[in-house]
Every structure is written in C-alpha cells, then in structure tokens.
>>> print(open('structure-v5.pdb').read())   # PDB, C-alpha atoms
ATOM      1  CA  MET A   1     -25.873 -30.813  46.723  1.00  0.00           C
ATOM      2  CA  ASN A   2     -27.855 -30.960  49.872  1.00  0.00           C
ATOM      3  CA  SER A   3     -26.664 -28.817  52.788  1.00  0.00           C
ATOM      4  CA  LYS A   4     -26.343 -31.906  55.016  1.00  0.00           C
ATOM      5  CA  LEU A   5     -24.130 -33.582  52.428  1.00  0.00           C
ATOM      6  CA  LYS A   6     -21.922 -30.498  52.219  1.00  0.00           C
ATOM      7  CA  LEU A   7     -21.591 -30.453  55.994  1.00  0.00           C
ATOM      8  CA  ILE A   8     -20.631 -34.134  56.093  1.00  0.00           C
ATOM      9  CA  ILE A   9     -18.033 -33.660  53.355  1.00  0.00           C
ATOM     10  CA  ILE A  10     -16.526 -30.675  55.153  1.00  0.00           C
ATOM     11  CA  LEU A  11     -16.422 -32.589  58.444  1.00  0.00           C
ATOM     12  CA  PHE A  12     -14.811 -35.553  56.704  1.00  0.00           C
ATOM     13  CA  PHE A  13     -12.009 -33.374  55.335  1.00  0.00           C
ATOM     14  CA  ILE A  14     -11.530 -31.716  58.722  1.00  0.00           C
ATOM     15  CA  PHE A  15     -11.138 -35.128  60.361  1.00  0.00           C
ATOM     16  CA  LEU A  16      -8.857 -36.269  57.540  1.00  0.00           C
ATOM     17  CA  LEU A  17      -6.606 -33.245  58.001  1.00  0.00           C
ATOM     18  CA  ALA A  18      -6.590 -33.764  61.764  1.00  0.00           C
ATOM     19  CA  PHE A  19      -5.581 -37.407  61.237  1.00  0.00           C
ATOM     20  CA  ILE A  20      -2.787 -36.401  58.860  1.00  0.00           C
ATOM     21  CA  GLY A  21      -1.590 -33.762  61.317  1.00  0.00           C
ATOM     22  CA  GLY A  22      -1.543 -36.299  64.144  1.00  0.00           C
ATOM     23  CA  VAL A  23       0.438 -38.781  62.092  1.00  0.00           C
ATOM     24  CA  LEU A  24       2.945 -36.136  61.020  1.00  0.00           C
ATOM     25  CA  VAL A  25       3.454 -34.923  64.582  1.00  0.00           C
ATOM     26  CA  SER A  26       3.952 -38.442  65.926  1.00  0.00           C
ATOM     27  CA  GLU A  27       6.371 -39.321  63.127  1.00  0.00           C
ATOM     28  CA  TYR A  28       8.443 -36.197  63.770  1.00  0.00           C
ATOM     29  CA  ILE A  29       8.569 -37.087  67.473  1.00  0.00           C
ATOM     30  CA  ASN A  30       9.673 -40.610  66.563  1.00  0.00           C
ATOM     31  CA  MET A  31      12.382 -39.242  64.273  1.00  0.00           C
ATOM     32  CA  ASN A  32      13.738 -37.092  67.109  1.00  0.00           C
ATOM     33  CA  LYS A  33      13.869 -40.151  69.381  1.00  0.00           C
ATOM     34  CA  ILE A  34      15.663 -42.126  66.698  1.00  0.00           C
ATOM     35  CA  ARG A  35      18.189 -39.306  66.317  1.00  0.00           C
ATOM     36  CA  THR A  36      19.142 -39.642  69.965  1.00  0.00           C
ATOM     37  CA  GLU A  37      19.315 -43.452  69.810  1.00  0.00           C
ATOM     38  CA  TYR A  38      21.207 -43.622  66.502  1.00  0.00           C
ATOM     39  CA  PRO A  39      23.266 -40.442  66.156  1.00  0.00           C
ATOM     40  CA  ASP A  40      25.337 -41.855  63.292  1.00  0.00           C
ATOM     41  CA  LEU A  41      22.426 -41.969  60.789  1.00  0.00           C
ATOM     42  CA  PRO A  42      22.943 -39.476  57.975  1.00  0.00           C
ATOM     43  CA  GLU A  43      20.729 -36.422  57.713  1.00  0.00           C
ATOM     44  CA  ASN A  44      19.646 -37.582  54.255  1.00  0.00           C
ATOM     45  CA  ALA A  45      17.750 -40.483  55.845  1.00  0.00           C
ATOM     46  CA  TYR A  46      15.679 -38.065  57.933  1.00  0.00           C
ATOM     47  CA  ASN A  47      15.107 -35.770  54.966  1.00  0.00           C
ATOM     48  CA  LEU A  48      13.940 -38.706  52.871  1.00  0.00           C
ATOM     49  CA  ARG A  49      11.500 -39.756  55.591  1.00  0.00           C
ATOM     50  CA  LYS A  50      10.144 -36.213  55.939  1.00  0.00           C
ATOM     51  CA  ASP A  51       9.692 -35.901  52.177  1.00  0.00           C
ATOM     52  CA  SER A  52       7.924 -39.253  51.956  1.00  0.00           C
ATOM     53  CA  LEU A  53       5.569 -38.203  54.768  1.00  0.00           C
ATOM     54  CA  LYS A  54       4.727 -34.996  52.908  1.00  0.00           C
ATOM     55  CA  VAL A  55       4.043 -36.935  49.704  1.00  0.00           C
ATOM     56  CA  TRP A  56       1.848 -39.377  51.652  1.00  0.00           C
ATOM     57  CA  ALA A  57      -0.173 -36.530  53.162  1.00  0.00           C
ATOM     58  CA  ILE A  58      -0.724 -34.780  49.840  1.00  0.00           C
ATOM     59  CA  ARG A  59      -1.577 -38.037  48.103  1.00  0.00           C
ATOM     60  CA  LEU A  60      -4.091 -38.988  50.784  1.00  0.00           C
ATOM     61  CA  VAL A  61      -5.937 -35.683  50.482  1.00  0.00           C
ATOM     62  CA  LEU A  62      -5.947 -35.849  46.694  1.00  0.00           C
ATOM     63  CA  GLN A  63      -7.300 -39.413  46.716  1.00  0.00           C
ATOM     64  CA  PHE A  64     -10.470 -38.103  48.287  1.00  0.00           C
ATOM     65  CA  LEU A  65     -10.574 -34.649  46.725  1.00  0.00           C
ATOM     66  CA  ILE A  66     -10.214 -35.533  43.034  1.00  0.00           C
ATOM     67  CA  PRO A  67     -13.189 -37.957  42.898  1.00  0.00           C
ATOM     68  CA  LEU A  68     -15.258 -35.409  44.780  1.00  0.00           C
ATOM     69  CA  LEU A  69     -14.517 -32.715  42.198  1.00  0.00           C
ATOM     70  CA  PHE A  70     -15.116 -34.918  39.173  1.00  0.00           C
TER      71      PHE A  70
END
>>> encode(input="structure-v5.pdb", output="structure tokens")
Amino acid sequence: MNSKLKLIIILFFIFLLAFIGGVLVSEYINMNKIRTEYPDLPENAYNLRKDSLKVWAIRLVLQFLIPLLF
C-alpha cells in the first residue's frame, strides 16, 4: 500500500472513533437527563441501552475493519 493510502485509512479510523466517542458521550448525557425526568424507569432499561450502544460501536468499527483486512 502507498503511504498516502495508509495515512488516509488511519485518519478515517481516527475520525470514526471520534464520532463513536461523541455519540456515546451524548447518549450517556441523554440517559442521565431521562433518569431525572422519569425516575421510575427500571435500571434494566438503562443497562439495555448501554449494552446496545456498545454493540453498535463495535459493529460499526468491524464493518469497516473486516473488509480492509480481507
């Protein structure tokens, strides 16, 4: 691979990870606001949302990483 292509791929993954981090942070902030507005929601609902966000983040990275490797 060309050095410019490697640089672009690395920058793409850095921006992708920054995007995922931004989404995760904003979703956690939203969940804290929802906790104050709806205190009667069970903790399992928040845990499910956190787990689904983690799965989304891992899946998004793998969708770009696997085709790159193969």
>>> resolve_selection(input="structure-v5.pdb", expression="the PyMOL selection byres ((chain A and resi 62-66) around 12)", output="list in words")
Ile9, Ile10, Phe12, Phe13, Leu16, Leu17, Val55, Trp56, Ala57, Ile58, Arg59, Leu60, Val61, Pro67, Leu68, Leu69 and Phe70 of chain A
>>> residues_around(input="structure-v5.pdb", residues="Leu24 (chain A)", least_positions_apart="3", cutoff="10 Å", atoms="all atoms listed in the file", output="ChimeraX atom specification")
/A:18-21,27-30,50,53-54,56-57
>>> closest_residue(input="structure-v5.pdb", among="A:Leu7, A:Val23, A:Met31, A:Met1", to="Leu48 (chain A)", atoms="all atoms listed in the file")
A:Met31
>>> atom_distance(input="structure-v5.pdb", atom1="CA of Ala45 (chain A)", atom2="CA of Gly22 (chain A)")
21.4 Å
>>> atom_distance(input="structure-v5.pdb", atom1="CA of Arg49 (chain A)", atom2="CA of Leu11 (chain A)")
29.0 Å
>>> atom_distance(input="structure-v5.pdb", atom1="CA of Asn47 (chain A)", atom2="CA of Lys33 (chain A)")
15.1 Å
>>> decode(input="structure-v5.pdb", residues="region 13-32 of chain A", atoms="N, CA and C atoms", output="CSV table (one decimal), in the first residue's frame")
chain,number,residue,atom,x,y,z
A,13,PHE,N,-10.1,6.0,10.5
A,13,PHE,CA,-10.4,5.3,11.7
A,13,PHE,C,-10.3,6.2,12.9
A,14,ILE,N,-9.5,7.2,12.9
A,14,ILE,CA,-9.4,8.2,14.0
A,14,ILE,C,-10.7,9.0,14.0
A,15,PHE,N,-11.2,9.4,12.9
A,15,PHE,CA,-12.4,10.2,12.8
A,15,PHE,C,-13.6,9.3,13.2
A,16,LEU,N,-13.6,8.0,12.8
A,16,LEU,CA,-14.6,7.1,13.1
A,16,LEU,C,-14.7,6.9,14.6
A,17,LEU,N,-13.6,6.7,15.2
A,17,LEU,CA,-13.5,6.5,16.7
A,17,LEU,C,-14.0,7.8,17.4
A,18,ALA,N,-13.6,8.9,16.9
A,18,ALA,CA,-14.0,10.2,17.5
A,18,ALA,C,-15.5,10.4,17.4
A,19,PHE,N,-16.1,10.0,16.2
A,19,PHE,CA,-17.6,10.0,16.0
A,19,PHE,C,-18.3,9.1,17.0
A,20,ILE,N,-17.8,7.9,17.1
A,20,ILE,CA,-18.4,6.9,18.1
A,20,ILE,C,-18.3,7.5,19.5
A,21,GLY,N,-17.1,8.0,19.9
A,21,GLY,CA,-17.0,8.6,21.2
A,21,GLY,C,-18.0,9.7,21.5
A,22,GLY,N,-18.1,10.6,20.5
A,22,GLY,CA,-19.1,11.7,20.6
A,22,GLY,C,-20.5,11.2,20.8
A,23,VAL,N,-20.9,10.2,20.0
A,23,VAL,CA,-22.2,9.6,20.1
A,23,VAL,C,-22.4,9.0,21.5
A,24,LEU,N,-21.4,8.2,21.9
A,24,LEU,CA,-21.6,7.6,23.3
A,24,LEU,C,-21.7,8.6,24.4
A,25,VAL,N,-20.9,9.6,24.3
A,25,VAL,CA,-21.0,10.7,25.4
A,25,VAL,C,-22.3,11.3,25.4
A,26,SER,N,-22.8,11.7,24.2
A,26,SER,CA,-24.1,12.4,24.1
A,26,SER,C,-25.2,11.5,24.6
A,27,GLU,N,-25.2,10.2,24.2
A,27,GLU,CA,-26.2,9.3,24.7
A,27,GLU,C,-26.2,9.1,26.2
A,28,TYR,N,-25.0,9.0,26.8
A,28,TYR,CA,-24.9,8.9,28.2
A,28,TYR,C,-25.5,10.1,28.9
A,29,ILE,N,-25.2,11.3,28.3
A,29,ILE,CA,-25.8,12.5,28.9
A,29,ILE,C,-27.3,12.5,28.8
A,30,ASN,N,-27.8,12.1,27.6
A,30,ASN,CA,-29.2,12.0,27.5
A,30,ASN,C,-29.9,11.0,28.5
A,31,MET,N,-29.2,9.9,28.7
A,31,MET,CA,-29.7,8.9,29.7
A,31,MET,C,-29.8,9.5,31.1
A,32,ASN,N,-28.8,10.3,31.4
A,32,ASN,CA,-28.8,10.9,32.8
A,32,ASN,C,-30.0,11.9,32.9
